[in-house]
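Engineer: Before I ask anything, here is the structure I am working with.
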Amino acid sequence: MDSMNSSQSNPILRTENLSVQFGALMAVGQLDFQIYPGELFGLIGPNGAGKTTVFNAITSTVPLSGGDIFFKGKSLHSLKPHQVVKRGIVRMFQSATIFPKIPVMIHIMNGLSCRTKSSVWNSIIRPPSFHKEEQTSRQRARELIQFTALEGFEDHAAESLSWAQQKRLMLATALATDPKLILLDEPFAGMNSDEIAEMIALIQAICQDGMTVFVIDHNMKVMQRICDRILVLNFGQKLTEGLPEKVAQDPRVIEAYLGGD
Amino acid sequence: MHPRFIVYFLIGLAVVLVPVFVQSNYWIYMFTMVGIFMVLVSSLDLAYGHTGLVSLAHAAFFGIGAYSSAILQVKLAVPILPALLLGTLITAIIAAAIGWPMLRIRGPYFVLGTLAIGIAIEIIIHNWDGLTGGVSLSGIPMFPEVTIFGTTFDLSSKRFFYYLVLAVLVVTQILIRRIVNSRTGRTFASIRENEDLAAALGMNVSGYKLISFVAASTIAAFMGGIYANYMGAIEPEIAGSHMSFNLLVMIVVGGTRSIAGAVIGPLLLWFVPEFLEAAQIYRPLFFGAILIIVIIFMPTGIAGKLRSLHPRMAKWIP
């Protein structure tokens, strides 16, 4: 998305003076930024800059010390993590965070749980609606298995997959929640160049489907290549924000993030 | 038909025919008691094996169910069936009231919390003489005789209770299998495997933990109500943490998330010690030795170990 489109539409996510403090440490301080629908927005910064804390704040896994976060114009203040997901925001964790013993098919169906309605009573008495919902869930899980190239692993325990497959499984499970905004925390970490290329293709396909993507990663080259805009964070403060090529040439970014050479 | 199902059918048939061929009331009592333990272990498995909630208060809900139903019958002359259902409902409400704050704490803190609840409930039952009878509540009515089409059935007989407990066991297993193989069961498994990830995927972790805890407690309470009528007198020890600990050991030894595990645990740790005099005398030693052997050599329990021997074997162990 170019900057003109960004300015014309309402942001899907907006932060106002977002602050997160851990004791005396200000992890994120008075951060303002906007992400627009369909955008692939990147967040970079050195280790300890507060990038993951921004994700934690958006997903309500850490309390805000100040400011607010708005998703589609509504505040996320005081929501629980599962309620944030129901609003349409989902997150993929930095490490391959999975349900280790659960087979791939069921793993992805777990992502669908927040969009399905079958109650404990329905699971006991099993009316036709129960079977219909199970069938629909399986069908959607199969589509996501195909999308993330995990065919043939449906019955394999998640822990038996390779690192890159586990990352793709997490992406599929996150997509199963039917999000409008997906937060990807270092999706390329620990991958070789072929696996990175596969993940990039998946992320770009997600964006083409109209989903908004907010991604954190250390790989500046990849981020420059895929992101519409990039926000740079240093010591919890916004250093700069803009088009990838401009950000990459910013002397403050080079000094703080790329080492100043 | 697959040979596996023929074997299951023959085992089932043998279990159904036990009262026909076993004349001794003592042995019927023994089989009934082991059935009661199987129901308790199965229900604990829903919370522990499937959801990952290590509860040392499970017997407390068995006890509350037994006492609620018995008190309604003895003190308020409520008929058996309404008393049993009301006692179960009361226990479900108490389990929800205790579980709601308790399930917000995790891991060892939750275990210690449930231990404290188990101890507290036993003490409360023991000391609330006016309501609970103190050291023992006796005079719990037997099931009446019922005449259907001119045939009289003695529902207070040991044989009737054997079939009643067997029916409760079968229904419990069906209920648990249905819950486990559904969206609810998948959510329980997610919570067991990775609670933070479950929440990050939109699952209401506290809500589902509460459902699992209350469902397990409700099954235990219903069994408690039947136990009270079966025994005619009950003691506070049935609700104690020692009993809860025994149930937990049974499920660990038998194997979690398995019908076979819920059968093996009580058979090995309740039935065998009662059957073998030496094991009965040295019961704590027997319990300890079995537990240590299983933890070291079979961390997934006996059923889990048998399943792991061969993929074909795994299909034979339900």
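The way I read the labels, and the way they are meant: chains A, B, ... in the order of the structure tokens, residue 1 as the first residue of every chain, and ligand 1 as the first ligand shown, with later ones counted on from there.
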Determine, for each residue of chain B having at least one atom at most 10 Å from an atom of chain A, the closest pair of atoms and their separation in Å to one decimal, counting only C-alpha atoms; order by chain and ascending number, as a tab-separated table.
Structural biologist:
```
residue	atom	partner	partner_atom	distance
B:Ile174	CA	A:Ile124	CA	8.6
B:Leu175	CA	A:Ile124	CA	6.2
B:Ile176	CA	A:Ile124	CA	8.6
B:Arg177	CA	A:Ile124	CA	8.9
B:Arg178	CA	A:Ile124	CA	5.5
B:Ile179	CA	A:Ser123	CA	5.5
B:Val180	CA	A:Ser123	CA	8.5
B:Asn181	CA	A:Ser123	CA	7.9
B:Ser182	CA	A:Ser123	CA	5.8
B:Arg183	CA	A:Ser113	CA	6.5
B:Thr184	CA	A:Val120	CA	6.0
B:Gly185	CA	A:Val120	CA	8.6
B:Arg186	CA	A:Asn110	CA	6.5
B:Thr187	CA	A:Asn110	CA	6.7
B:Ala189	CA	A:Ile102	CA	7.9
B:Ser190	CA	A:Phe99	CA	6.4
B:Ile191	CA	A:Phe99	CA	8.9
B:Arg192	CA	A:Phe99	CA	8.7
B:Glu193	CA	A:Phe99	CA	5.3
B:Asn194	CA	A:Phe99	CA	5.9
B:Glu195	CA	A:Phe99	CA	9.2
B:Asp196	CA	A:Thr61	CA	9.1
B:Leu197	CA	A:Thr97	CA	7.1
B:Ala198	CA	A:Asn110	CA	8.2
B:Ala199	CA	A:His82	CA	5.2
B:Ala200	CA	A:Pro81	CA	6.0
B:Leu201	CA	A:Gly111	CA	5.8
B:Gly202	CA	A:His82	CA	3.7
B:Met203	CA	A:His82	CA	5.5
B:Asn204	CA	A:His82	CA	5.8
B:Val205	CA	A:His82	CA	8.2
B:Tyr208	CA	A:Val120	CA	9.7
B:Ile211	CA	A:Val120	CA	8.4
B:Ser212	CA	A:Val120	CA	9.8
B:Ala215	CA	A:Val120	CA	9.8
```
Engineer: Quick one: write out the picked residues with C-alpha atoms as a short mmCIF file (atom, residue, chain, number, x, y, z; two decimals), in the first residue's frame?
Structural biologist:
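Saved to selection33.cif:
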```cif
data_model
loop_
_atom_site.label_atom_id
_atom_site.label_comp_id
_atom_site.auth_asym_id
_atom_site.auth_seq_id
_atom_site.Cartn_x
_atom_site.Cartn_y
_atom_site.Cartn_z
CA ILE B 174 -19.52 -42.21 26.92
CA LEU B 175 -19.94 -38.65 28.23
CA ILE B 176 -16.19 -38.15 28.57
CA ARG B 177 -15.45 -39.61 25.10
CA ARG B 178 -18.09 -37.32 23.56
CA ILE B 179 -16.75 -34.23 25.33
CA VAL B 180 -13.13 -35.07 24.51
CA ASN B 181 -13.86 -35.66 20.82
CA SER B 182 -15.41 -32.27 20.28
CA ARG B 183 -14.53 -28.58 20.17
CA THR B 184 -14.74 -28.53 23.99
CA GLY B 185 -12.32 -31.45 24.31
CA ARG B 186 -9.92 -29.91 21.80
CA THR B 187 -9.94 -26.75 23.88
CA ALA B 189 -6.24 -30.40 25.23
CA SER B 190 -4.98 -26.99 24.07
CA ILE B 191 -5.06 -25.69 27.63
CA ARG B 192 -3.19 -28.78 28.82
CA GLU B 193 -0.53 -28.40 26.13
CA ASN B 194 0.04 -24.64 26.16
CA GLU B 195 -2.23 -22.36 28.15
CA ASP B 196 -0.75 -19.09 26.84
CA LEU B 197 -1.06 -20.18 23.23
CA ALA B 198 -4.65 -21.30 23.84
CA ALA B 199 -5.51 -17.80 25.09
CA ALA B 200 -3.62 -16.23 22.18
CA LEU B 201 -5.83 -18.21 19.80
CA GLY B 202 -9.01 -16.86 21.33
CA MET B 203 -9.87 -19.63 23.76
CA ASN B 204 -11.44 -18.58 27.05
CA VAL B 205 -8.95 -20.48 29.19
CA TYR B 208 -12.99 -23.91 29.86
CA ILE B 211 -16.17 -26.33 32.68
CA SER B 212 -13.68 -29.20 33.01
CA ALA B 215 -17.92 -31.47 34.99
#
```
Engineer: Show me, as a PyMOL selection string, the residues that have an atom within 12 Å of Phe287 (chain B) when counting only C-alpha atoms, minus same-chain residues fewer than 2 positions from it.
Structural biologist: chain B and resi 245-250+252-253+265-266+268-270+272-273+279-285+289-294
Engineer: Selection from above, C-alpha atoms, as a PDB file, in the first residue's frame, can you write it?
Structural biologist:
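Printed below is selection_33.pdb as written:
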```pdb
ATOM      1  CA  PHE B 245      -4.186 -38.398  46.524  1.00  0.00           C
ATOM      2  CA  ASN B 246      -5.065 -42.088  46.060  1.00  0.00           C
ATOM      3  CA  LEU B 247      -7.262 -41.226  43.063  1.00  0.00           C
ATOM      4  CA  LEU B 248      -4.441 -39.198  41.529  1.00  0.00           C
ATOM      5  CA  VAL B 249      -1.982 -42.069  42.028  1.00  0.00           C
ATOM      6  CA  MET B 250      -4.488 -44.454  40.397  1.00  0.00           C
ATOM      7  CA  VAL B 252      -0.952 -41.763  37.098  1.00  0.00           C
ATOM      8  CA  VAL B 253      -0.308 -45.498  37.476  1.00  0.00           C
ATOM      9  CA  GLY B 265      -5.360 -47.993  38.219  1.00  0.00           C
ATOM     10  CA  PRO B 266      -8.224 -48.912  40.592  1.00  0.00           C
ATOM     11  CA  LEU B 268      -4.118 -52.563  40.764  1.00  0.00           C
ATOM     12  CA  LEU B 269      -4.209 -50.106  43.636  1.00  0.00           C
ATOM     13  CA  TRP B 270      -7.557 -50.859  45.269  1.00  0.00           C
ATOM     14  CA  VAL B 272      -5.306 -56.133  44.415  1.00  0.00           C
ATOM     15  CA  PRO B 273      -4.392 -54.863  47.923  1.00  0.00           C
ATOM     16  CA  ALA B 279      -0.460 -56.079  49.975  1.00  0.00           C
ATOM     17  CA  GLN B 280      -3.300 -55.106  52.301  1.00  0.00           C
ATOM     18  CA  ILE B 281      -1.064 -55.077  55.383  1.00  0.00           C
ATOM     19  CA  TYR B 282       1.646 -53.125  53.632  1.00  0.00           C
ATOM     20  CA  ARG B 283      -0.758 -51.012  51.529  1.00  0.00           C
ATOM     21  CA  PRO B 284       1.210 -47.709  51.794  1.00  0.00           C
ATOM     22  CA  LEU B 285       4.396 -49.577  50.860  1.00  0.00           C
ATOM     23  CA  ALA B 289       6.502 -49.106  45.291  1.00  0.00           C
ATOM     24  CA  ILE B 290       4.039 -49.242  42.367  1.00  0.00           C
ATOM     25  CA  LEU B 291       4.092 -45.464  42.029  1.00  0.00           C
ATOM     26  CA  ILE B 292       7.904 -45.302  41.953  1.00  0.00           C
ATOM     27  CA  ILE B 293       8.161 -48.148  39.436  1.00  0.00           C
ATOM     28  CA  VAL B 294       5.588 -46.530  37.148  1.00  0.00           C
TER      29      VAL B 294
END
```
Engineer: Applying 12 Å and only C-alpha atoms, which residues near region 142-149 of chain A remain after dropping the ones on its own chain fewer than 2 positions away? List them as a ChimeraX atom specification.
Structural biologist: /A:103-109,111-112,135-140,151-155,164-178,195,198-203,205-206
Engineer: Tell me which of B:Phe31, B:Tyr67, B:Tyr162, B:Tyr109 sits closest to Ile121 (chain B), counting only C-alpha atoms.
Structural biologist: B:Tyr67
Engineer: Can you list every residue in region 45-135 of chain A that DSSP puts in alpha helix (DSSP H), as JSON, numbers by chain?
Structural biologist: {"A": [51, 52, 53, 54, 55, 56, 57, 58, 81, 82, 83, 84, 85, 86, 87, 104, 105, 106, 107, 108, 109, 110, 111, 112, 120, 121, 122, 123, 124, 125, 128, 129, 130, 131, 132, 133, 134, 135]}
Engineer: Could you save those same residues with N, CA and C atoms as a short mmCIF file (atom, residue, chain, number, x, y, z; two decimals), in the first residue's frame?
Structural biologist:
```
data_model
loop_
_atom_site.label_atom_id
_atom_site.label_comp_id
_atom_site.auth_asym_id
_atom_site.auth_seq_id
_atom_site.Cartn_x
_atom_site.Cartn_y
_atom_site.Cartn_z
N LYS A 51 9.94 -4.22 20.83
CA LYS A 51 9.09 -4.64 19.70
C LYS A 51 8.04 -5.67 20.16
N THR A 52 8.52 -6.74 20.83
CA THR A 52 7.58 -7.78 21.27
C THR A 52 6.61 -7.23 22.32
N THR A 53 7.08 -6.25 23.10
CA THR A 53 6.19 -5.65 24.10
C THR A 53 5.02 -4.94 23.40
N VAL A 54 5.29 -4.36 22.24
CA VAL A 54 4.19 -3.71 21.48
C VAL A 54 3.14 -4.77 21.13
N PHE A 55 3.59 -5.95 20.66
CA PHE A 55 2.66 -7.04 20.35
C PHE A 55 1.92 -7.50 21.62
N ASN A 56 2.68 -7.62 22.71
CA ASN A 56 2.05 -8.04 23.98
C ASN A 56 0.97 -7.05 24.39
N ALA A 57 1.24 -5.76 24.17
CA ALA A 57 0.26 -4.73 24.55
C ALA A 57 -0.99 -4.84 23.67
N ILE A 58 -0.77 -5.02 22.37
CA ILE A 58 -1.93 -5.09 21.45
C ILE A 58 -2.79 -6.30 21.79
N PRO A 81 -7.02 -11.47 26.56
CA PRO A 81 -6.39 -11.91 25.30
C PRO A 81 -7.37 -12.61 24.35
N HIS A 82 -8.24 -13.49 24.87
CA HIS A 82 -9.14 -14.20 23.96
C HIS A 82 -10.19 -13.28 23.35
N GLN A 83 -10.51 -12.19 24.06
CA GLN A 83 -11.49 -11.24 23.51
C GLN A 83 -10.87 -10.41 22.38
N VAL A 84 -9.55 -10.17 22.49
CA VAL A 84 -8.85 -9.45 21.42
C VAL A 84 -8.89 -10.29 20.14
N VAL A 85 -8.70 -11.60 20.29
CA VAL A 85 -8.73 -12.50 19.12
C VAL A 85 -10.13 -12.47 18.49
N LYS A 86 -11.15 -12.45 19.32
CA LYS A 86 -12.53 -12.41 18.78
C LYS A 86 -12.79 -11.12 18.02
N ARG A 87 -12.10 -10.04 18.42
CA ARG A 87 -12.25 -8.77 17.68
C ARG A 87 -11.61 -8.85 16.30
N VAL A 104 -1.54 -32.21 13.56
CA VAL A 104 -1.63 -30.99 12.74
C VAL A 104 -3.09 -30.58 12.46
N MET A 105 -3.91 -31.56 12.04
CA MET A 105 -5.31 -31.24 11.69
C MET A 105 -6.05 -30.64 12.89
N ILE A 106 -5.92 -31.30 14.05
CA ILE A 106 -6.60 -30.83 15.26
C ILE A 106 -6.00 -29.49 15.71
N HIS A 107 -4.69 -29.36 15.54
CA HIS A 107 -3.98 -28.12 15.90
C HIS A 107 -4.62 -26.93 15.19
N ILE A 108 -4.85 -27.09 13.90
CA ILE A 108 -5.44 -25.98 13.12
C ILE A 108 -6.91 -25.79 13.50
N MET A 109 -7.60 -26.90 13.76
CA MET A 109 -9.01 -26.79 14.19
C MET A 109 -9.12 -26.03 15.51
N ASN A 110 -8.08 -26.11 16.34
CA ASN A 110 -8.08 -25.35 17.59
C ASN A 110 -8.16 -23.85 17.33
N GLY A 111 -7.54 -23.43 16.22
CA GLY A 111 -7.62 -22.02 15.86
C GLY A 111 -9.03 -21.61 15.50
N LEU A 112 -9.80 -22.57 15.00
CA LEU A 112 -11.19 -22.28 14.60
C LEU A 112 -12.14 -22.19 15.80
N VAL A 120 -20.66 -27.50 25.29
CA VAL A 120 -20.39 -28.80 25.90
C VAL A 120 -21.64 -29.70 25.80
N TRP A 121 -22.82 -29.09 25.88
CA TRP A 121 -24.07 -29.87 25.75
C TRP A 121 -24.19 -30.44 24.36
N ASN A 122 -23.86 -29.59 23.37
CA ASN A 122 -23.92 -30.06 21.98
C ASN A 122 -22.97 -31.22 21.74
N SER A 123 -21.81 -31.17 22.41
CA SER A 123 -20.84 -32.26 22.21
C SER A 123 -21.36 -33.56 22.83
N ILE A 124 -22.25 -33.46 23.81
CA ILE A 124 -22.82 -34.66 24.43
C ILE A 124 -24.02 -35.17 23.62
N ILE A 125 -24.96 -34.27 23.32
CA ILE A 125 -26.19 -34.74 22.64
C ILE A 125 -26.03 -34.82 21.12
N PRO A 128 -27.68 -32.28 14.72
CA PRO A 128 -27.12 -32.14 13.37
C PRO A 128 -26.17 -30.95 13.24
N SER A 129 -26.48 -29.85 13.96
CA SER A 129 -25.63 -28.65 13.87
C SER A 129 -24.20 -28.93 14.34
N PHE A 130 -24.06 -29.87 15.31
CA PHE A 130 -22.72 -30.24 15.81
C PHE A 130 -21.91 -30.87 14.69
N HIS A 131 -22.54 -31.85 13.99
CA HIS A 131 -21.82 -32.57 12.92
C HIS A 131 -21.49 -31.62 11.76
N LYS A 132 -22.42 -30.70 11.48
CA LYS A 132 -22.20 -29.75 10.38
C LYS A 132 -21.01 -28.85 10.71
N GLU A 133 -20.98 -28.38 11.96
CA GLU A 133 -19.89 -27.48 12.37
C GLU A 133 -18.54 -28.20 12.34
N GLU A 134 -18.53 -29.47 12.79
CA GLU A 134 -17.29 -30.25 12.77
C GLU A 134 -16.80 -30.43 11.34
N GLN A 135 -17.75 -30.70 10.45
CA GLN A 135 -17.42 -30.92 9.04
C GLN A 135 -16.84 -29.64 8.43
#
```
